[in-house]
Structure formats: C-alpha cells, structure tokens
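Structure file entry19.txt; described as compact mmCIF, C-alpha atoms.
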```
# COMPACT_ATOMS: atom_id res chain seq x y z
CA GLY A 1 0.00 0.00 0.00
CA GLU A 2 0.95 3.64 -0.03
CA ASP A 3 3.52 4.66 2.54
CA VAL A 4 4.75 8.01 3.80
CA GLU A 5 7.84 8.13 6.01
CA GLN A 6 9.48 10.80 8.11
CA SER A 7 12.24 10.96 10.66
CA LEU A 8 10.83 11.12 14.18
CA PHE A 9 12.76 13.95 15.76
CA LEU A 10 14.61 17.17 14.89
CA SER A 11 16.23 19.61 17.26
CA VAL A 12 17.39 23.08 16.15
CA ARG A 13 18.60 26.28 17.74
CA GLU A 14 16.35 29.32 17.66
CA GLY A 15 17.12 31.46 14.61
CA ASP A 16 18.52 28.58 12.57
CA SER A 17 16.72 26.96 9.65
CA SER A 18 14.89 23.67 10.10
CA VAL A 19 14.53 21.11 7.35
CA ILE A 20 11.99 18.34 7.80
CA ASN A 21 12.10 15.53 5.28
CA CYS A 22 9.49 13.12 3.99
CA THR A 23 9.51 10.28 1.48
CA TYR A 24 6.49 8.69 -0.13
CA THR A 25 5.86 5.70 -2.33
CA ASP A 26 2.76 6.59 -4.35
CA SER A 27 3.85 7.56 -7.85
CA SER A 28 0.40 8.94 -8.62
CA SER A 29 0.42 11.47 -5.77
CA THR A 30 -1.36 14.66 -6.81
CA TYR A 31 -1.06 16.89 -3.78
CA LEU A 32 1.40 16.73 -0.90
CA TYR A 33 0.74 18.50 2.34
CA TRP A 34 2.46 19.69 5.47
CA TYR A 35 0.45 19.85 8.68
CA LYS A 36 1.48 21.19 12.09
CA GLN A 37 0.22 19.80 15.37
CA GLU A 38 0.82 21.76 18.54
CA PRO A 39 0.52 20.02 21.91
CA GLY A 40 -3.07 19.10 22.75
CA ALA A 41 -4.40 20.44 19.48
CA GLY A 42 -5.62 19.11 16.15
CA LEU A 43 -3.72 19.33 12.91
CA GLN A 44 -3.38 22.63 11.12
CA LEU A 45 -2.61 22.79 7.41
CA LEU A 46 0.59 24.76 6.83
CA THR A 47 0.96 24.47 3.09
CA TYR A 48 0.53 22.09 0.19
CA ILE A 49 2.15 21.59 -3.18
CA PHE A 50 0.80 20.20 -6.41
CA SER A 51 2.83 17.34 -7.83
CA ASN A 52 3.77 19.21 -11.01
CA MET A 53 5.58 21.86 -8.97
CA ASP A 54 9.05 21.50 -7.52
CA MET A 55 9.04 24.40 -5.11
CA LYS A 56 6.61 26.56 -3.21
CA GLN A 57 7.47 29.41 -0.88
CA ASP A 58 5.18 30.95 1.69
CA GLN A 59 6.81 33.49 4.01
CA ARG A 60 9.21 31.50 6.23
CA LEU A 61 8.17 28.18 4.72
CA THR A 62 9.73 26.62 1.63
CA VAL A 63 8.51 23.30 0.26
CA LEU A 64 10.74 21.36 -2.10
CA LEU A 65 9.46 18.40 -4.09
CA ASN A 66 11.70 15.93 -5.90
CA LYS A 67 9.18 13.83 -7.75
CA LYS A 68 11.81 11.53 -9.24
CA ASP A 69 13.04 10.53 -5.79
CA LYS A 70 9.59 10.89 -4.19
CA HIS A 71 11.08 13.23 -1.61
CA LEU A 72 9.38 16.20 -0.01
CA SER A 73 10.94 18.66 2.40
CA LEU A 74 9.76 21.58 4.50
CA ARG A 75 12.25 24.29 5.33
CA ILE A 76 11.41 26.75 8.09
CA ALA A 77 13.61 29.82 8.03
CA ASP A 78 14.52 31.66 11.25
CA THR A 79 12.97 28.95 13.41
CA GLN A 80 11.27 30.24 16.55
CA THR A 81 10.27 28.52 19.77
CA GLY A 82 6.65 28.79 18.63
CA ASP A 83 7.54 26.47 15.76
CA SER A 84 8.05 23.63 18.23
CA ALA A 85 5.43 21.06 17.27
CA ILE A 86 4.93 17.82 15.38
CA TYR A 87 4.98 18.19 11.61
CA PHE A 88 3.14 15.70 9.43
CA CYS A 89 3.56 15.18 5.75
CA ALA A 90 0.63 13.68 3.85
CA ASP A 91 -0.29 12.89 0.29
CA THR A 92 -3.30 12.16 -1.89
CA SER A 93 -3.37 10.51 -5.27
CA TYR A 94 -5.52 10.01 -8.34
CA ASN A 95 -6.45 6.61 -7.00
CA THR A 96 -7.79 7.86 -3.71
CA ASP A 97 -8.83 11.20 -2.35
CA LYS A 98 -7.85 10.15 1.15
CA LEU A 99 -4.95 11.65 3.01
CA ILE A 100 -2.12 9.25 3.85
CA PHE A 101 -0.08 10.64 6.74
CA GLY A 102 3.51 10.13 7.70
CA THR A 103 4.50 9.31 11.26
CA GLY A 104 5.22 12.93 12.11
CA THR A 105 8.48 14.71 12.97
CA ARG A 106 8.76 16.32 16.37
CA LEU A 107 10.59 19.63 16.03
CA GLN A 108 12.17 20.99 19.18
CA VAL A 109 13.55 24.53 19.12
CA PHE A 110 15.96 25.49 21.88
CA PRO A 111 17.24 28.97 22.76
CA ASN B 1 -17.74 30.18 13.96
CA ALA B 2 -16.68 27.31 16.21
CA GLY B 3 -15.15 25.24 13.38
CA VAL B 4 -14.87 21.56 14.26
CA THR B 5 -15.69 20.54 17.81
CA GLN B 6 -15.42 17.14 19.46
CA THR B 7 -17.16 15.75 22.52
CA PRO B 8 -15.88 14.51 24.94
CA LYS B 9 -12.28 15.69 25.26
CA PHE B 10 -11.23 12.73 27.38
CA ARG B 11 -12.82 9.46 28.41
CA VAL B 12 -11.84 6.31 30.27
CA LEU B 13 -13.68 3.11 29.42
CA LYS B 14 -13.55 -0.43 30.68
CA THR B 15 -13.12 -3.25 28.19
CA GLY B 16 -16.48 -4.15 26.70
CA GLN B 17 -18.16 -0.82 27.38
CA SER B 18 -19.66 1.20 24.58
CA MET B 19 -19.52 4.88 23.81
CA THR B 20 -20.14 7.44 21.09
CA LEU B 21 -17.84 10.26 20.10
CA LEU B 22 -19.51 13.31 18.63
CA CYS B 23 -18.03 15.55 15.96
CA ALA B 24 -19.80 18.75 14.96
CA GLN B 25 -18.92 21.34 12.33
CA ASP B 26 -20.59 24.63 11.54
CA MET B 27 -18.93 25.30 8.18
CA ASN B 28 -21.51 23.49 6.03
CA HIS B 29 -18.84 21.01 4.89
CA GLU B 30 -19.89 17.98 2.89
CA TYR B 31 -17.01 15.72 3.86
CA MET B 32 -16.29 14.52 7.36
CA TYR B 33 -13.65 12.11 8.64
CA TRP B 34 -12.66 10.18 11.73
CA TYR B 35 -8.97 9.40 12.34
CA ARG B 36 -7.07 7.77 15.12
CA GLN B 37 -3.56 8.79 16.14
CA ASP B 38 -1.25 6.35 17.87
CA PRO B 39 2.31 6.95 19.14
CA GLY B 40 4.91 6.68 16.39
CA MET B 41 2.28 6.47 13.68
CA GLY B 42 0.59 8.96 11.47
CA LEU B 43 -3.13 9.53 11.51
CA ARG B 44 -5.09 6.61 10.14
CA LEU B 45 -8.52 7.00 8.63
CA ILE B 46 -11.25 5.03 10.37
CA HIS B 47 -14.40 6.04 8.49
CA TYR B 48 -15.49 8.99 6.43
CA SER B 49 -18.59 10.53 4.94
CA VAL B 50 -19.06 12.37 1.67
CA GLY B 51 -22.43 13.83 2.62
CA GLU B 52 -25.44 13.56 4.87
CA GLY B 53 -26.67 9.99 5.12
CA THR B 54 -23.49 8.48 3.65
CA THR B 55 -20.60 6.67 5.31
CA ALA B 56 -17.65 4.66 4.04
CA LYS B 57 -14.82 2.62 5.50
CA GLY B 58 -11.33 3.96 5.76
CA GLU B 59 -8.06 2.23 6.50
CA VAL B 60 -8.86 0.86 9.98
CA PRO B 61 -12.67 0.52 10.33
CA ASP B 62 -12.91 -2.67 12.40
CA GLY B 63 -14.50 -2.23 15.81
CA TYR B 64 -16.07 1.13 14.92
CA ASN B 65 -19.36 2.27 13.46
CA VAL B 66 -20.37 5.72 12.25
CA SER B 67 -23.48 7.66 11.38
CA ARG B 68 -24.12 10.94 9.56
CA LEU B 69 -27.79 11.64 10.12
CA LYS B 70 -27.28 15.39 10.00
CA LYS B 71 -24.84 17.20 7.75
CA GLN B 72 -23.17 18.97 10.64
CA ASN B 73 -22.64 15.90 12.83
CA PHE B 74 -20.55 12.76 12.43
CA LEU B 75 -20.75 10.18 15.19
CA LEU B 76 -18.16 7.50 15.90
CA GLY B 77 -19.34 4.53 17.95
CA LEU B 78 -17.45 1.83 19.79
CA GLU B 79 -19.85 -1.01 20.56
CA SER B 80 -17.48 -3.05 22.71
CA ALA B 81 -14.31 -1.17 23.56
CA ALA B 82 -10.96 -2.97 23.56
CA PRO B 83 -7.58 -1.83 24.94
CA SER B 84 -6.31 -1.68 21.34
CA GLN B 85 -8.71 1.21 20.80
CA THR B 86 -6.84 3.37 23.28
CA SER B 87 -5.87 6.30 21.11
CA VAL B 88 -6.45 9.93 20.31
CA TYR B 89 -9.34 10.37 17.92
CA PHE B 90 -9.50 13.30 15.53
CA CYS B 91 -12.44 14.42 13.49
CA ALA B 92 -12.00 16.56 10.38
CA SER B 93 -14.24 18.17 7.79
CA SER B 94 -13.75 19.67 4.35
CA TYR B 95 -15.73 21.18 1.47
CA SER B 96 -14.63 18.46 -0.91
CA SER B 97 -11.99 15.84 -1.42
CA GLY B 98 -9.63 18.21 -3.21
CA PRO B 99 -6.65 20.10 -1.86
CA GLU B 100 -8.77 22.39 0.23
CA THR B 101 -7.75 22.03 3.78
CA GLN B 102 -9.31 19.52 6.09
CA TYR B 103 -10.20 21.33 9.28
CA PHE B 104 -9.39 19.25 12.32
CA GLY B 105 -11.03 19.15 15.70
CA PRO B 106 -9.00 19.27 18.93
CA GLY B 107 -9.15 15.52 19.47
CA THR B 108 -10.64 13.09 21.99
CA ARG B 109 -8.27 11.11 24.15
CA LEU B 110 -9.70 7.66 24.90
CA LEU B 111 -8.23 5.20 27.37
CA VAL B 112 -9.62 1.67 27.44
CA LEU B 113 -8.65 -0.33 30.51
```
What is this file in structure tokens?
Amino acid sequence: GEDVEQSLFLSVREGDSSVINCTYTDSSSTYLYWYKQEPGAGLQLLTYIFSNMDMKQDQRLTVLLNKKDKHLSLRIADTQTGDSAIYFCADTSYNTDKLIFGTGTRLQVFP
Amino acid sequence: NAGVTQTPKFRVLKTGQSMTLLCAQDMNHEYMYWYRQDPGMGLRLIHYSVGEGTTAKGEVPDGYNVSRLKKQNFLLGLESAAPSQTSVYFCASSYSSGPETQYFGPGTRLLVL
C-alpha cells in the first residue's frame, strides 16, 4: 500500500533553519501537504504543493518536491520557539482522495 | 464560527463498554472524517462521509461504526471497547476531497482499561 515516512525527531537552535524531510511511495500522488500539530491540538494545514511543482514558498516556509526521488521537504527559516510542534507530511493521489499521513516529525527549538 | 468541535475531550472506558464520540462542524462542509492517532504512527482514517446519510470505511474501520444523520454531525461509535482502541481520535471536515484544507477538531483522548 501507499507509505509516507518521516524521521521522528529534529532539534534546532532558535534562529537557525529547520529542514523536515518526507519520502512517499505513491507515484500517482497529486497533492502533498504539510500539517502542524501543537501540543493538545488538532492538525493545522501549513501548506501544500501540487505534484507538477518543484518548489513553493510561503513566508518562512519553503517546500521542495523531488518527484523523481519521491522526496518532499519543508524548510522553516529563522525557526522560533513557537515552531516547536509535530509536523506531518501527507499525500493524496488520483487513486484515492484520502490523506495518507507520515509518522510525524517532532521539532524541538531550543534557545 | 466554532469550526470543528469534538465531545468529549477525554474518556476512560472499561473493556467491553460502549460509547459514542460526537463531531460537529458549523462550516456546512460535505465531507467529514474520523482518524485515530497512535504513538509513532501517522493519523489513520477510520471512516469517512461524503455527505449527509453516507458513510464509508477507511483504512482501519474494524470495531467502529459511524453515522451521519445530520450534515453537521458525524458520530463514531465503539460497541465493545478494547484496549487496542486506546488512542487519540480526531475528526475533520472539508468542502470536498480536493486540496482544500481539512479542518481538524482538537481531538478526543480515549483510554480503554
């Protein structure tokens, strides 16, 4: 079946850039998403990218998509303590309109 | 606009007990979803609905039932709770199945002893 994988943990210093990586297996993925989950809260959509794009920038967030390698990354510039959260990557495909989530990456930002 | 709300926020059940989780949305969304979130795993889809009166199975439907009698509400039922159903349950809703965001509720933490 479709699979989405992420590393479990990332720790960065405040002010540095964070890069969260994700790999997926579904070659027919249409949209790929990044969600943020703060403690005790539901998921919040941060950004998404269509599969025919290779980059999308939105303020401090940059999404890079390497469709050949099925690799997606989220770069957060000037990471702040408020960025500490779990970040989930997810995809949908032509075959299904359901979101398939990765395991989530816990980002910890220290002063 | 309350968005997506879930009731209750937390519940402890004994094995074999039943309960219903309520999800409500006030955004007139057609699509509604129930997910479970377990440690070290991403969210997994339990059941979903593409409109009032419709339901469909997701990735992990066994042990759960759902109903969508009203467009704004999506109920998730556990007829006979098992410890394996200890999890955090998230409801979400969306206008359609496209890239528009799914709006998530705050979650219900369920512990089955």
Can I get the residues of chain A within 6 Å of chain B, each with the closest pair of atoms and their distance in Å to one decimal, using all atoms listed in the file, sorted chain first then ascending number, as a Markdown table?
```
| residue | atom | partner | partner_atom | distance |
| --- | --- | --- | --- | --- |
| A:Ala41 | CA | B:Pro106 | CA | 4.8 |
| A:Gly42 | CA | B:Pro106 | CA | 4.4 |
| A:Leu43 | CA | B:Phe104 | CA | 5.7 |
| A:Asp97 | CA | B:Ser97 | CA | 5.7 |
| A:Phe101 | CA | B:Gly42 | CA | 5.1 |
| A:Gly102 | CA | B:Gly42 | CA | 4.9 |
| A:Thr103 | CA | B:Gly42 | CA | 3.9 |
```
All residues 9 Å or closer to A:Phe50, all atoms listed in the file, same chain fewer than 3 positions away omitted, as a ChimeraX atom specification: /A:29-33,53-54 /B:99
Just want the 6 Å neighbourhood of A:Lys36, counted on all atoms listed in the file, with same-chain residues fewer than 4 positions away dropped. Output as a list in words. Leu43, Gln44, Ile86 and Tyr87 of chain A
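The gap separating atom CA of A:Arg75 from atom CA of A:Ser18 is 5.5 Å, in Å to one decimal.
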Counting all atoms listed in the file, figure out which residue out of A:Glu5, A:Asp26, A:Leu72, A:Ala90 gets nearest to A:Met55.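 Of A:Glu5, A:Asp26, A:Leu72, A:Ala90, the one nearest A:Met55 is A:Leu72, counting all atoms listed in the file.
Going from atom CA of A:Val109 over to atom CA of A:Thr92, you cover 29.6 Å.
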I'd like the contact shell of stretch 16-31 of chain B - 8 Å cut-off, all atoms listed in the file, skipping same-chain residues fewer than 3 positions apart - returned as a PyMOL selection string. chain B and resi 1-8+13+48-52+71-82+91+93-97+105+108
